[in-house]
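Shown here: target_22.pdb, PDB, C-alpha atoms (C1' of nucleotides).
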```
ATOM      1  CA  MET A  21      16.807 -14.477  47.736
ATOM      2  CA  GLN A  22      13.915 -12.029  47.454
ATOM      3  CA  PRO A  23      10.912 -13.506  45.644
ATOM      4  CA  GLY A  24      10.606 -12.161  42.086
ATOM      5  CA  SER A  25      13.740 -10.178  42.720
ATOM      6  CA  THR A  26      16.089  -8.819  40.106
ATOM      7  CA  ARG A  27      16.320  -8.385  36.392
ATOM      8  CA  GLU A  28      13.234  -6.256  36.032
ATOM      9  CA  LEU A  29      12.687  -4.778  32.611
ATOM     10  CA  ALA A  30      11.167  -1.366  31.987
ATOM     11  CA  HIS A  31       7.478  -1.115  31.220
ATOM     12  CA  PRO A  32       5.702   2.085  30.212
ATOM     13  CA  ASP A  33       2.660   3.258  32.166
ATOM     14  CA  ALA A  34      -0.648   2.772  30.435
ATOM     15  CA  ALA A  35      -1.112   6.532  30.303
ATOM     16  CA  ASP A  36       2.061   6.814  28.243
ATOM     17  CA  PHE A  37       1.149   4.298  25.593
ATOM     18  CA  VAL A  38       1.436   5.766  22.108
ATOM     19  CA  LEU A  39      -1.112   4.591  19.593
ATOM     20  CA  THR A  40       1.226   4.526  16.620
ATOM     21  CA  ASP A  41       3.746   2.505  18.618
ATOM     22  CA  VAL A  42       1.129  -0.064  19.548
ATOM     23  CA  LEU A  43      -0.093  -0.293  15.971
ATOM     24  CA  PHE A  44       3.456  -0.626  14.766
ATOM     25  CA  ALA A  45       4.237  -3.359  17.268
ATOM     26  CA  LEU A  46       1.212  -5.308  16.082
ATOM     27  CA  SER A  47       1.913  -4.710  12.402
ATOM     28  CA  ASP A  48       4.522  -7.445  12.165
ATOM     29  CA  PRO A  49       3.227 -10.961  11.447
ATOM     30  CA  ALA A  50       5.513 -12.618  13.974
ATOM     31  CA  ARG A  51       4.615 -10.158  16.710
ATOM     32  CA  LEU A  52       0.946 -10.379  15.922
ATOM     33  CA  GLU A  53       1.114 -14.131  16.244
ATOM     34  CA  ILE A  54       2.906 -13.853  19.551
ATOM     35  CA  THR A  55       0.174 -11.506  20.706
ATOM     36  CA  ARG A  56      -2.545 -13.901  19.644
ATOM     37  CA  ARG A  57      -0.833 -16.722  21.437
ATOM     38  CA  LEU A  58      -0.574 -14.659  24.591
ATOM     39  CA  ALA A  59      -4.292 -13.969  24.446
ATOM     40  CA  GLU A  60      -4.737 -17.528  25.721
ATOM     41  CA  GLY A  61      -2.637 -16.807  28.759
ATOM     42  CA  PRO A  62       0.895 -15.967  29.949
ATOM     43  CA  LEU A  63       3.784 -17.912  28.500
ATOM     44  CA  GLU A  64       7.443 -18.252  29.185
ATOM     45  CA  VAL A  65       9.588 -16.634  26.495
ATOM     46  CA  ALA A  66      10.568 -19.836  24.732
ATOM     47  CA  ALA A  67       6.906 -20.811  24.385
ATOM     48  CA  CYS A  68       6.109 -17.624  22.493
ATOM     49  CA  GLN A  69       7.810 -19.071  19.432
ATOM     50  CA  PRO A  70       5.513 -18.251  16.497
ATOM     51  CA  THR A  71       5.904 -21.107  14.036
ATOM     52  CA  GLY A  72       7.228 -24.462  15.111
ATOM     53  CA  GLY A  73      10.273 -23.057  16.852
ATOM     54  CA  ASP A  74      13.035 -22.113  14.481
ATOM     55  CA  ILE A  75      13.584 -18.429  15.078
ATOM     56  CA  PRO A  76      16.692 -17.579  17.120
ATOM     57  CA  LYS A  77      16.432 -16.467  20.714
ATOM     58  CA  SER A  78      17.819 -13.048  19.989
ATOM     59  CA  THR A  79      15.229 -12.369  17.310
ATOM     60  CA  LEU A  80      12.404 -13.496  19.517
ATOM     61  CA  SER A  81      13.740 -11.401  22.343
ATOM     62  CA  HIS A  82      13.881  -8.401  20.068
ATOM     63  CA  HIS A  83      10.259  -8.805  19.017
ATOM     64  CA  LEU A  84       9.234  -9.113  22.635
ATOM     65  CA  LYS A  85      11.112  -5.938  23.358
ATOM     66  CA  THR A  86       9.189  -4.083  20.673
ATOM     67  CA  LEU A  87       5.901  -5.355  22.085
ATOM     68  CA  ARG A  88       6.964  -4.550  25.620
ATOM     69  CA  GLU A  89       8.096  -1.019  24.889
ATOM     70  CA  ALA A  90       4.826  -0.304  23.131
ATOM     71  CA  GLY A  91       2.914  -1.581  26.145
ATOM     72  CA  VAL A  92       1.379  -4.626  24.527
ATOM     73  CA  VAL A  93       3.198  -7.090  26.691
ATOM     74  CA  ARG A  94       4.613  -7.476  30.155
ATOM     75  CA  ASN A  95       7.806  -9.416  30.771
ATOM     76  CA  ASP A  96       8.445 -10.485  34.345
ATOM     77  CA  PRO A  97      11.316 -12.536  35.701
ATOM     78  CA  HIS A  98      10.218 -15.776  37.271
ATOM     79  CA  GLY A  99      12.989 -17.879  38.608
ATOM     80  CA  ARG A 100      15.428 -18.504  35.845
ATOM     81  CA  GLN A 101      12.879 -17.875  33.176
ATOM     82  CA  ARG A 102      10.414 -15.112  32.414
ATOM     83  CA  TYR A 103       6.706 -14.869  32.037
ATOM     84  CA  VAL A 104       5.368 -12.881  29.154
ATOM     85  CA  SER A 105       1.776 -11.722  29.412
ATOM     86  CA  LEU A 106      -0.643  -9.493  27.525
ATOM     87  CA  ARG A 107      -1.370  -6.145  29.142
ATOM     88  CA  ARG A 108      -5.033  -6.556  28.374
ATOM     89  CA  ASP A 109      -6.449  -4.262  31.019
ATOM     90  CA  ASP A 110      -3.943  -1.480  30.450
ATOM     91  CA  LEU A 111      -4.536  -1.572  26.725
ATOM     92  CA  GLU A 112      -8.277  -1.646  27.181
ATOM     93  CA  GLN A 113      -8.102   1.312  29.484
ATOM     94  CA  ARG A 114      -5.865   3.320  27.202
ATOM     95  CA  PHE A 115      -7.286   2.255  23.827
ATOM     96  CA  PRO A 116     -10.739   0.778  24.417
ATOM     97  CA  GLY A 117     -11.716  -1.920  21.992
ATOM     98  CA  LEU A 118      -8.468  -1.887  20.076
ATOM     99  CA  LEU A 119      -6.923  -5.143  21.225
ATOM    100  CA  ALA A 120     -10.271  -6.889  21.091
ATOM    101  CA  ALA A 121     -10.735  -5.818  17.481
ATOM    102  CA  VAL A 122      -7.263  -7.004  16.559
ATOM    103  CA  LEU A 123      -7.693 -10.368  18.233
ATOM    104  CA  ARG A 124     -11.137 -10.807  16.719
ATOM    105  CA  ALA A 125      -9.861 -10.169  13.180
ATOM    106  CA  ALA A 126      -9.962 -13.156  10.905
ATOM    107  CA  PRO A 127      -6.822 -14.127   8.982
ATOM    108  CA  THR A 128      -6.805 -13.096   5.334
ATOM    109  CA  GLY A 129      -7.645 -16.299   3.495
ATOM    110  CA  GLU A 130     -11.017 -16.701   5.306
TER     111      GLU A 130
ATOM    112  CA  MET B  13     -15.164  12.513 -22.033
ATOM    113  CA  GLN B  14     -16.818   9.899 -19.855
ATOM    114  CA  PRO B  15     -17.716  11.172 -16.401
ATOM    115  CA  GLY B  16     -15.254   9.936 -13.781
ATOM    116  CA  SER B  17     -13.260   8.406 -16.581
ATOM    117  CA  THR B  18      -9.572   7.613 -16.532
ATOM    118  CA  ARG B  19      -6.680   7.444 -14.123
ATOM    119  CA  GLU B  20      -8.206   4.852 -11.861
ATOM    120  CA  LEU B  21      -5.863   3.528  -9.213
ATOM    121  CA  ALA B  22      -5.913  -0.044  -7.923
ATOM    122  CA  HIS B  23      -7.838  -0.819  -4.764
ATOM    123  CA  PRO B  24      -7.817  -4.180  -3.002
ATOM    124  CA  ASP B  25     -11.110  -5.945  -2.268
ATOM    125  CA  ALA B  26     -12.197  -5.865   1.347
ATOM    126  CA  ALA B  27     -11.812  -9.636   1.509
ATOM    127  CA  ASP B  28      -8.132  -9.268   0.642
ATOM    128  CA  PHE B  29      -7.271  -6.746   3.319
ATOM    129  CA  VAL B  30      -4.357  -7.912   5.442
ATOM    130  CA  LEU B  31      -4.480  -6.977   9.093
ATOM    131  CA  THR B  32      -0.771  -6.353   9.496
ATOM    132  CA  ASP B  33      -0.802  -4.106   6.442
ATOM    133  CA  VAL B  34      -3.654  -2.040   7.826
ATOM    134  CA  LEU B  35      -1.969  -1.765  11.210
ATOM    135  CA  PHE B  36       1.268  -0.782   9.564
ATOM    136  CA  ALA B  37      -0.427   1.844   7.424
ATOM    137  CA  LEU B  38      -1.948   3.368  10.540
ATOM    138  CA  SER B  39       1.256   3.140  12.562
ATOM    139  CA  ASP B  40       2.770   6.252  11.024
ATOM    140  CA  PRO B  41       1.840   9.560  12.668
ATOM    141  CA  ALA B  42       1.327  11.380   9.388
ATOM    142  CA  ARG B  43      -0.831   8.624   7.957
ATOM    143  CA  LEU B  44      -2.817   8.319  11.154
ATOM    144  CA  GLU B  45      -3.536  12.012  11.068
ATOM    145  CA  ILE B  46      -4.630  11.813   7.458
ATOM    146  CA  THR B  47      -6.933   8.994   8.457
ATOM    147  CA  ARG B  48      -8.406  10.994  11.297
ATOM    148  CA  ARG B  49      -8.976  13.912   9.008
ATOM    149  CA  LEU B  50     -10.721  11.712   6.505
ATOM    150  CA  ALA B  51     -13.046  10.472   9.210
ATOM    151  CA  GLU B  52     -14.808  13.813   8.880
ATOM    152  CA  GLY B  53     -15.443  13.218   5.228
ATOM    153  CA  PRO B  54     -13.755  12.876   1.800
ATOM    154  CA  LEU B  55     -11.055  15.332   0.879
ATOM    155  CA  GLU B  56      -9.099  16.209  -2.193
ATOM    156  CA  VAL B  57      -5.464  15.131  -1.954
ATOM    157  CA  ALA B  58      -4.044  18.555  -1.197
ATOM    158  CA  ALA B  59      -6.464  18.969   1.705
ATOM    159  CA  CYS B  60      -5.154  15.822   3.385
ATOM    160  CA  GLN B  61      -2.053  17.741   4.376
ATOM    161  CA  PRO B  62      -1.409  16.784   8.012
ATOM    162  CA  THR B  63       0.188  19.809   9.610
ATOM    163  CA  GLY B  64      -0.241  23.250   8.157
ATOM    164  CA  GLY B  65       0.800  22.232   4.666
ATOM    165  CA  ASP B  66       4.519  21.913   4.297
ATOM    166  CA  ILE B  67       5.079  18.336   3.256
ATOM    167  CA  PRO B  68       5.877  17.837  -0.449
ATOM    168  CA  LYS B  69       3.315  16.432  -2.843
ATOM    169  CA  SER B  70       5.353  13.355  -3.557
ATOM    170  CA  THR B  71       5.610  12.453   0.103
ATOM    171  CA  LEU B  72       1.924  12.959   0.662
ATOM    172  CA  SER B  73       1.151  10.913  -2.398
ATOM    173  CA  HIS B  74       3.350   8.131  -1.122
ATOM    174  CA  HIS B  75       1.584   8.036   2.229
ATOM    175  CA  LEU B  76      -1.758   7.921   0.484
ATOM    176  CA  LYS B  77      -0.501   5.033  -1.576
ATOM    177  CA  THR B  78       0.410   3.098   1.539
ATOM    178  CA  LEU B  79      -3.032   3.746   2.989
ATOM    179  CA  ARG B  80      -4.728   2.885  -0.272
ATOM    180  CA  GLU B  81      -2.872  -0.387  -0.810
ATOM    181  CA  ALA B  82      -3.731  -1.482   2.705
ATOM    182  CA  GLY B  83      -7.382  -0.725   2.059
ATOM    183  CA  VAL B  84      -7.759   2.145   4.482
ATOM    184  CA  VAL B  85      -8.455   4.722   1.847
ATOM    185  CA  ARG B  86     -10.036   5.092  -1.559
ATOM    186  CA  ASN B  87      -8.619   7.450  -4.136
ATOM    187  CA  ASP B  88     -10.917   8.377  -7.008
ATOM    188  CA  PRO B  89     -10.246  10.750  -9.857
ATOM    189  CA  HIS B  90     -12.607  13.685  -9.957
ATOM    190  CA  GLY B  91     -11.991  16.096 -12.739
ATOM    191  CA  ARG B  92      -8.479  17.331 -12.507
ATOM    192  CA  GLN B  93      -8.206  16.442  -8.865
ATOM    193  CA  ARG B  94      -8.920  13.380  -6.771
ATOM    194  CA  TYR B  95     -11.125  12.587  -3.877
ATOM    195  CA  VAL B  96      -9.653  10.587  -1.041
ATOM    196  CA  SER B  97     -12.102   8.861   1.275
ATOM    197  CA  LEU B  98     -12.060   6.413   4.170
ATOM    198  CA  ARG B  99     -13.184   2.897   3.325
ATOM    199  CA  ARG B 100     -15.205   2.773   6.509
ATOM    200  CA  ASP B 101     -17.697   0.111   5.527
ATOM    201  CA  ASP B 102     -15.137  -2.194   3.949
ATOM    202  CA  LEU B 103     -12.885  -1.937   6.976
ATOM    203  CA  GLU B 104     -15.784  -2.479   9.336
ATOM    204  CA  GLN B 105     -16.851  -5.524   7.416
ATOM    205  CA  ARG B 106     -13.365  -6.990   7.266
ATOM    206  CA  PHE B 107     -12.081  -5.928  10.699
ATOM    207  CA  PRO B 108     -15.096  -5.070  12.857
ATOM    208  CA  GLY B 109     -14.459  -2.402  15.428
ATOM    209  CA  LEU B 110     -10.860  -1.787  14.445
ATOM    210  CA  LEU B 111     -11.140   1.573  12.751
ATOM    211  CA  ALA B 112     -13.610   2.781  15.358
ATOM    212  CA  ALA B 113     -11.177   1.900  18.135
ATOM    213  CA  VAL B 114      -8.340   3.673  16.375
ATOM    214  CA  LEU B 115     -10.358   6.815  15.736
ATOM    215  CA  ARG B 116     -11.683   6.811  19.282
ATOM    216  CA  ALA B 117      -8.191   6.620  20.785
ATOM    217  CA  ALA B 118      -7.110   9.695  22.663
ATOM    218  CA  PRO B 119      -3.760  11.304  21.823
ATOM    219  CA  THR B 120      -0.956  10.535  24.273
ATOM    220  CA  GLY B 121      -0.742  13.718  26.331
ATOM    221  CA  GLU B 122      -4.321  13.435  27.746
TER     222      GLU B 122
ATOM    223  C1'  DC C  28      -4.568  24.549 -28.680
ATOM    224  C1'  DC C  29      -1.825  25.562 -24.711
ATOM    225  C1'  DA C  30      -0.445  26.695 -20.317
ATOM    226  C1'  DA C  31      -1.445  25.941 -15.567
ATOM    227  C1'  DC C  32      -2.939  22.478 -12.295
ATOM    228  C1'  DA C  33      -3.520  18.296  -9.385
ATOM    229  C1'  DG C  34      -1.254  14.358  -8.526
ATOM    230  C1'  DT C  35       1.381  10.223  -9.549
ATOM    231  C1'  DT C  36       5.615   7.878 -10.558
ATOM    232  C1'  DC C  37      10.693   7.604 -10.736
ATOM    233  C1'  DT C  38      14.876   7.740  -8.486
ATOM    234  C1'  DA C  39      18.167   8.197  -4.989
ATOM    235  C1'  DA C  40      19.946   9.269  -0.409
ATOM    236  C1'  DG C  41      19.283   8.756   4.499
ATOM    237  C1'  DA C  42      17.055   6.577   8.419
ATOM    238  C1'  DT C  43      14.831   2.547  10.589
ATOM    239  C1'  DT C  44      14.046  -2.012  11.152
ATOM    240  C1'  DC C  45      14.966  -6.889  10.893
ATOM    241  C1'  DT C  46      17.713 -10.857  11.697
ATOM    242  C1'  DC C  47      20.985 -13.400  13.946
ATOM    243  C1'  DG C  48      25.486 -14.784  15.890
ATOM    244  C1'  DA C  49      28.280 -13.822  19.808
ATOM    245  C1'  DA C  50      29.035 -12.174  24.248
ATOM    246  C1'  DC C  51      27.028 -11.571  28.627
ATOM    247  C1'  DC C  52      24.118 -12.247  33.065
ATOM    248  C1'  DA C  53      21.191 -14.010  36.636
ATOM    249  C1'  DT C  54      19.372 -18.242  38.569
ATOM    250  C1'  DT C  55      19.249 -22.863  39.904
ATOM    251  C1'  DG C  56      20.203 -27.921  39.906
ATOM    252  C1'  DA C  57      23.840 -31.113  41.052
TER     253       DA C  57
ATOM    254  C1'  DT D  21      30.571 -23.787  43.799
ATOM    255  C1'  DC D  22      30.050 -24.566  39.070
ATOM    256  C1'  DA D  23      28.184 -25.546  34.987
ATOM    257  C1'  DA D  24      23.972 -25.607  32.450
ATOM    258  C1'  DT D  25      19.800 -22.943  31.495
ATOM    259  C1'  DG D  26      16.768 -19.185  29.917
ATOM    260  C1'  DG D  27      17.077 -14.861  28.164
ATOM    261  C1'  DT D  28      18.847 -10.197  27.234
ATOM    262  C1'  DT D  29      22.049  -7.080  24.981
ATOM    263  C1'  DC D  30      25.538  -5.850  21.526
ATOM    264  C1'  DG D  31      27.088  -5.381  16.854
ATOM    265  C1'  DA D  32      26.763  -5.674  11.961
ATOM    266  C1'  DG D  33      24.889  -6.626   7.433
ATOM    267  C1'  DA D  34      20.712  -6.881   4.702
ATOM    268  C1'  DA D  35      16.268  -5.254   3.856
ATOM    269  C1'  DT D  36      12.701  -1.992   4.077
ATOM    270  C1'  DC D  37      10.757   2.638   4.722
ATOM    271  C1'  DT D  38      10.796   7.571   4.515
ATOM    272  C1'  DT D  39      11.520  11.866   2.256
ATOM    273  C1'  DA D  40      11.800  14.706  -1.375
ATOM    274  C1'  DG D  41      13.195  16.665  -5.921
ATOM    275  C1'  DA D  42      12.396  16.002 -10.788
ATOM    276  C1'  DA D  43      10.064  14.301 -14.568
ATOM    277  C1'  DC D  44       5.592  12.878 -16.389
ATOM    278  C1'  DT D  45       0.389  12.419 -17.176
ATOM    279  C1'  DG D  46      -4.325  13.516 -17.501
ATOM    280  C1'  DT D  47      -7.667  17.601 -17.118
ATOM    281  C1'  DT D  48      -9.452  21.988 -17.664
ATOM    282  C1'  DG D  49      -9.701  27.157 -18.216
ATOM    283  C1'  DG D  50      -8.754  30.700 -21.578
TER     284       DG D  50
END
```

Would you mind writing the file's structure down as structure tokens?
Amino acid sequence: MQPGSTRELAHPDAADFVLTDVLFALSDPARLEITRRLAEGPLEVAACQPTGGDIPKSTLSHHLKTLREAGVVRNDPHGRQRYVSLRRDDLEQRFPGLLAAVLRAAPTGE
Amino acid sequence: MQPGSTRELAHPDAADFVLTDVLFALSDPARLEITRRLAEGPLEVAACQPTGGDIPKSTLSHHLKTLREAGVVRNDPHGRQRYVSLRRDDLEQRFPGLLAAVLRAAPTGE
DNA sequence: CCAACAGTTCTAAGATTCTCGAACCATTGA
DNA sequence: TCAATGGTTCGAGAATCTTAGAACTGTTGG
């Protein structure tokens, strides 16, 4: 039983992040909300649930995949669950100021 | 013949800009390139042509519409042509730092 | 006036994306 | 060891986006 052993998912290197992919990943309301939530700190997958908690696991997992493949998020196995975390530093290094600007943005109705 | 008369297109107010819409508009390579080009200054529609100049008018027009409806771009009639310009100030006011971060971003291969 | 021009809008086909149930896979508690 | 848990992956239908030709509109030069 190696610590933090198997079931690793693929994560792109910061140098390979593609701007349009990041923008696309963040352009979905559900994914944006997940991102905002993760700005507070890492969460297990189930806790990423955007509103209340009614979207199916597979859908949530798919959104996380989109975020992960763009480089917005990291998804690491942790026991029988997984920790999802924002790749703040990598994003900042690759696209300075971008994530900060997105997180700072006020929602539309004030 | 009023100066700058007819054929006005609809433009959303800065206060009504929606973040996900802006991000989505910028998440397409062609639209991002148009945006970058416009950062240098206003252009007539035909001059927005991303690469060389082989994409059809209707496609270009459609991309400009997406950018315009998100609030990224302004499209004003000017004689028989139109001037397309970046809504820098409105975007900066609504989403501080966002456009700057996007324009500053380096392309993927270095 | 009329033809050429600059662009938009309409329409339709093809490609992506979204959503979600079902099947599947490690990991761990009992 | 075995079943429950936490999530991912697969597959398919619905929805949305992209692309582009064709038709249409306002504007201007001759």

Taking the file above as input, evaluate the PyMOL selection byres ((chain B and resi 28) around 12) and report the hits as a list in words.
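Selected by the PyMOL selection byres ((chain B and resi 28) around 12) in this file: Ala126, Pro127, Thr128, Gly129 and Glu130 of chain A; His23, Pro24, Asp25, Ala26, Ala27, Phe29, Val30, Leu31, Thr32, Asp33, Val34, Glu81, Ala82, Gly83, Asp102, Leu103, Gln105, Arg106 and Phe107 of chain B.
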
Keeping only C-alpha atoms, take the residues you just selected and write them out as a compact mmCIF listing (two decimals), keeping the file's coordinate frame.
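Output file part-v1.txt follows:
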```txt
# COMPACT_ATOMS: atom_id res chain seq x y z
CA ALA A 126 -9.96 -13.16 10.90
CA PRO A 127 -6.82 -14.13 8.98
CA THR A 128 -6.80 -13.10 5.33
CA GLY A 129 -7.64 -16.30 3.50
CA GLU A 130 -11.02 -16.70 5.31
CA HIS B 23 -7.84 -0.82 -4.76
CA PRO B 24 -7.82 -4.18 -3.00
CA ASP B 25 -11.11 -5.94 -2.27
CA ALA B 26 -12.20 -5.86 1.35
CA ALA B 27 -11.81 -9.64 1.51
CA PHE B 29 -7.27 -6.75 3.32
CA VAL B 30 -4.36 -7.91 5.44
CA LEU B 31 -4.48 -6.98 9.09
CA THR B 32 -0.77 -6.35 9.50
CA ASP B 33 -0.80 -4.11 6.44
CA VAL B 34 -3.65 -2.04 7.83
CA GLU B 81 -2.87 -0.39 -0.81
CA ALA B 82 -3.73 -1.48 2.70
CA GLY B 83 -7.38 -0.72 2.06
CA ASP B 102 -15.14 -2.19 3.95
CA LEU B 103 -12.88 -1.94 6.98
CA GLN B 105 -16.85 -5.52 7.42
CA ARG B 106 -13.36 -6.99 7.27
CA PHE B 107 -12.08 -5.93 10.70
```

Please report as a PDB file with C-alpha atoms (C1' of nucleotides), in the frame of the given file which residues of chain C come no farther than 10 Å from chain A, using only C-alpha atoms (C1' of nucleotides).
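As written to disk, out-v3.pdb reads:
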```
ATOM      1  C1'  DC C  45      14.966  -6.889  10.893  1.00  0.00           C
ATOM      2  C1'  DT C  46      17.713 -10.857  11.697  1.00  0.00           C
ATOM      3  C1'  DC C  47      20.985 -13.400  13.946  1.00  0.00           C
ATOM      4  C1'  DG C  48      25.486 -14.784  15.890  1.00  0.00           C
ATOM      5  C1'  DC C  52      24.118 -12.247  33.065  1.00  0.00           C
ATOM      6  C1'  DA C  53      21.191 -14.010  36.636  1.00  0.00           C
ATOM      7  C1'  DT C  54      19.372 -18.242  38.569  1.00  0.00           C
ATOM      8  C1'  DT C  55      19.249 -22.863  39.904  1.00  0.00           C
TER       9       DT C  55
END
```

What's the 10 Å shell around Arg49 (chain B), counting all atoms listed in the file, without same-chain residues fewer than 2 positions away, as a list in words?
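In the requested form, the answer reads Arg43, Leu44, Glu45, Ile46, Thr47, Ala51, Glu52, Gly53, Pro54, Leu55, Ala59, Cys60, Gln61, Pro62, Ser97, Leu98 and Leu115 of chain B.
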
Which residues are close to Arg108 (chain A), i.e. within 8 Å by only C-alpha atoms (C1' of nucleotides), leaving aside same-chain residues fewer than 3 positions away? Reply as an MDAnalysis selection string.
chainID A and resid 92 111:112 119

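Residue list for chain D within 12 Å of chain A: D:DA24, D:DT25, D:DG26, D:DG27, D:DT28, D:DT29, D:DC30, counting all atoms listed in the file.
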
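If you look at CA of Ala113 (chain B) and CA of Leu58 (chain A), they are 20.7 Å away from each other.
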
For region 93-95 of chain A, list every protein, DNA or RNA residue within 6 Å, evaluated using only C-alpha atoms (C1' of nucleotides), and leave out those in the same chain fewer than 4 positions away; present the list as a PyMOL selection string.
chain A and resi 87-88+103-107

List the residues matched by the PyMOL selection byres ((chain C and resi 31) around 12) in the displayed structure as a PyMOL selection string, ordered by chain and then by residue number.
(chain B and resi 92) or (chain C and resi 29-30+32-33) or (chain D and resi 47-50)

Reconstruct N, CA and C atoms of region 45-63 of chain A from the incomplete input and present them as a PDB file, keeping the file's coordinate frame.
```pdb
ATOM      1  N   ALA A  45       3.837  -2.099  16.629  1.00  0.00           N
ATOM      2  CA  ALA A  45       4.237  -3.359  17.268  1.00  0.00           C
ATOM      3  C   ALA A  45       3.390  -4.515  16.748  1.00  0.00           C
ATOM      4  N   LEU A  46       2.118  -4.246  16.528  1.00  0.00           N
ATOM      5  CA  LEU A  46       1.212  -5.308  16.082  1.00  0.00           C
ATOM      6  C   LEU A  46       1.233  -5.514  14.574  1.00  0.00           C
ATOM      7  N   SER A  47       1.950  -4.653  13.863  1.00  0.00           N
ATOM      8  CA  SER A  47       1.913  -4.710  12.402  1.00  0.00           C
ATOM      9  C   SER A  47       2.892  -5.711  11.801  1.00  0.00           C
ATOM     10  N   ASP A  48       3.609  -6.415  12.662  1.00  0.00           N
ATOM     11  CA  ASP A  48       4.522  -7.445  12.165  1.00  0.00           C
ATOM     12  C   ASP A  48       3.885  -8.815  12.393  1.00  0.00           C
ATOM     13  N   PRO A  49       3.884  -9.649  11.360  1.00  0.00           N
ATOM     14  CA  PRO A  49       3.227 -10.961  11.447  1.00  0.00           C
ATOM     15  C   PRO A  49       3.700 -11.793  12.634  1.00  0.00           C
ATOM     16  N   ALA A  50       5.005 -11.825  12.854  1.00  0.00           N
ATOM     17  CA  ALA A  50       5.513 -12.618  13.974  1.00  0.00           C
ATOM     18  C   ALA A  50       5.010 -12.073  15.304  1.00  0.00           C
ATOM     19  N   ARG A  51       5.072 -10.762  15.445  1.00  0.00           N
ATOM     20  CA  ARG A  51       4.615 -10.158  16.710  1.00  0.00           C
ATOM     21  C   ARG A  51       3.121 -10.296  16.899  1.00  0.00           C
ATOM     22  N   LEU A  52       2.391 -10.219  15.817  1.00  0.00           N
ATOM     23  CA  LEU A  52       0.946 -10.379  15.922  1.00  0.00           C
ATOM     24  C   LEU A  52       0.626 -11.789  16.389  1.00  0.00           C
ATOM     25  N   GLU A  53       1.353 -12.748  15.848  1.00  0.00           N
ATOM     26  CA  GLU A  53       1.114 -14.131  16.244  1.00  0.00           C
ATOM     27  C   GLU A  53       1.446 -14.354  17.716  1.00  0.00           C
ATOM     28  N   ILE A  54       2.541 -13.755  18.138  1.00  0.00           N
ATOM     29  CA  ILE A  54       2.906 -13.853  19.551  1.00  0.00           C
ATOM     30  C   ILE A  54       1.768 -13.295  20.402  1.00  0.00           C
ATOM     31  N   THR A  55       1.258 -12.155  19.969  1.00  0.00           N
ATOM     32  CA  THR A  55       0.174 -11.506  20.706  1.00  0.00           C
ATOM     33  C   THR A  55      -1.057 -12.401  20.784  1.00  0.00           C
ATOM     34  N   ARG A  56      -1.395 -12.992  19.672  1.00  0.00           N
ATOM     35  CA  ARG A  56      -2.545 -13.901  19.644  1.00  0.00           C
ATOM     36  C   ARG A  56      -2.325 -15.064  20.598  1.00  0.00           C
ATOM     37  N   ARG A  57      -1.140 -15.591  20.574  1.00  0.00           N
ATOM     38  CA  ARG A  57      -0.833 -16.722  21.437  1.00  0.00           C
ATOM     39  C   ARG A  57      -0.975 -16.331  22.905  1.00  0.00           C
ATOM     40  N   LEU A  58      -0.524 -15.122  23.204  1.00  0.00           N
ATOM     41  CA  LEU A  58      -0.574 -14.659  24.591  1.00  0.00           C
ATOM     42  C   LEU A  58      -1.999 -14.366  25.045  1.00  0.00           C
ATOM     43  N   ALA A  59      -2.896 -14.239  24.085  1.00  0.00           N
ATOM     44  CA  ALA A  59      -4.292 -13.969  24.446  1.00  0.00           C
ATOM     45  C   ALA A  59      -4.874 -15.158  25.204  1.00  0.00           C
ATOM     46  N   GLU A  60      -4.272 -16.313  25.032  1.00  0.00           N
ATOM     47  CA  GLU A  60      -4.737 -17.528  25.721  1.00  0.00           C
ATOM     48  C   GLU A  60      -4.257 -17.558  27.165  1.00  0.00           C
ATOM     49  N   GLY A  61      -3.179 -16.819  27.412  1.00  0.00           N
ATOM     50  CA  GLY A  61      -2.637 -16.807  28.759  1.00  0.00           C
ATOM     51  C   GLY A  61      -1.141 -16.558  28.724  1.00  0.00           C
ATOM     52  N   PRO A  62      -0.531 -16.258  29.869  1.00  0.00           N
ATOM     53  CA  PRO A  62       0.895 -15.967  29.949  1.00  0.00           C
ATOM     54  C   PRO A  62       1.726 -17.166  29.484  1.00  0.00           C
ATOM     55  N   LEU A  63       2.886 -16.858  28.974  1.00  0.00           N
ATOM     56  CA  LEU A  63       3.784 -17.912  28.500  1.00  0.00           C
ATOM     57  C   LEU A  63       5.201 -17.558  28.878  1.00  0.00           C
TER      58      LEU A  63
END
```
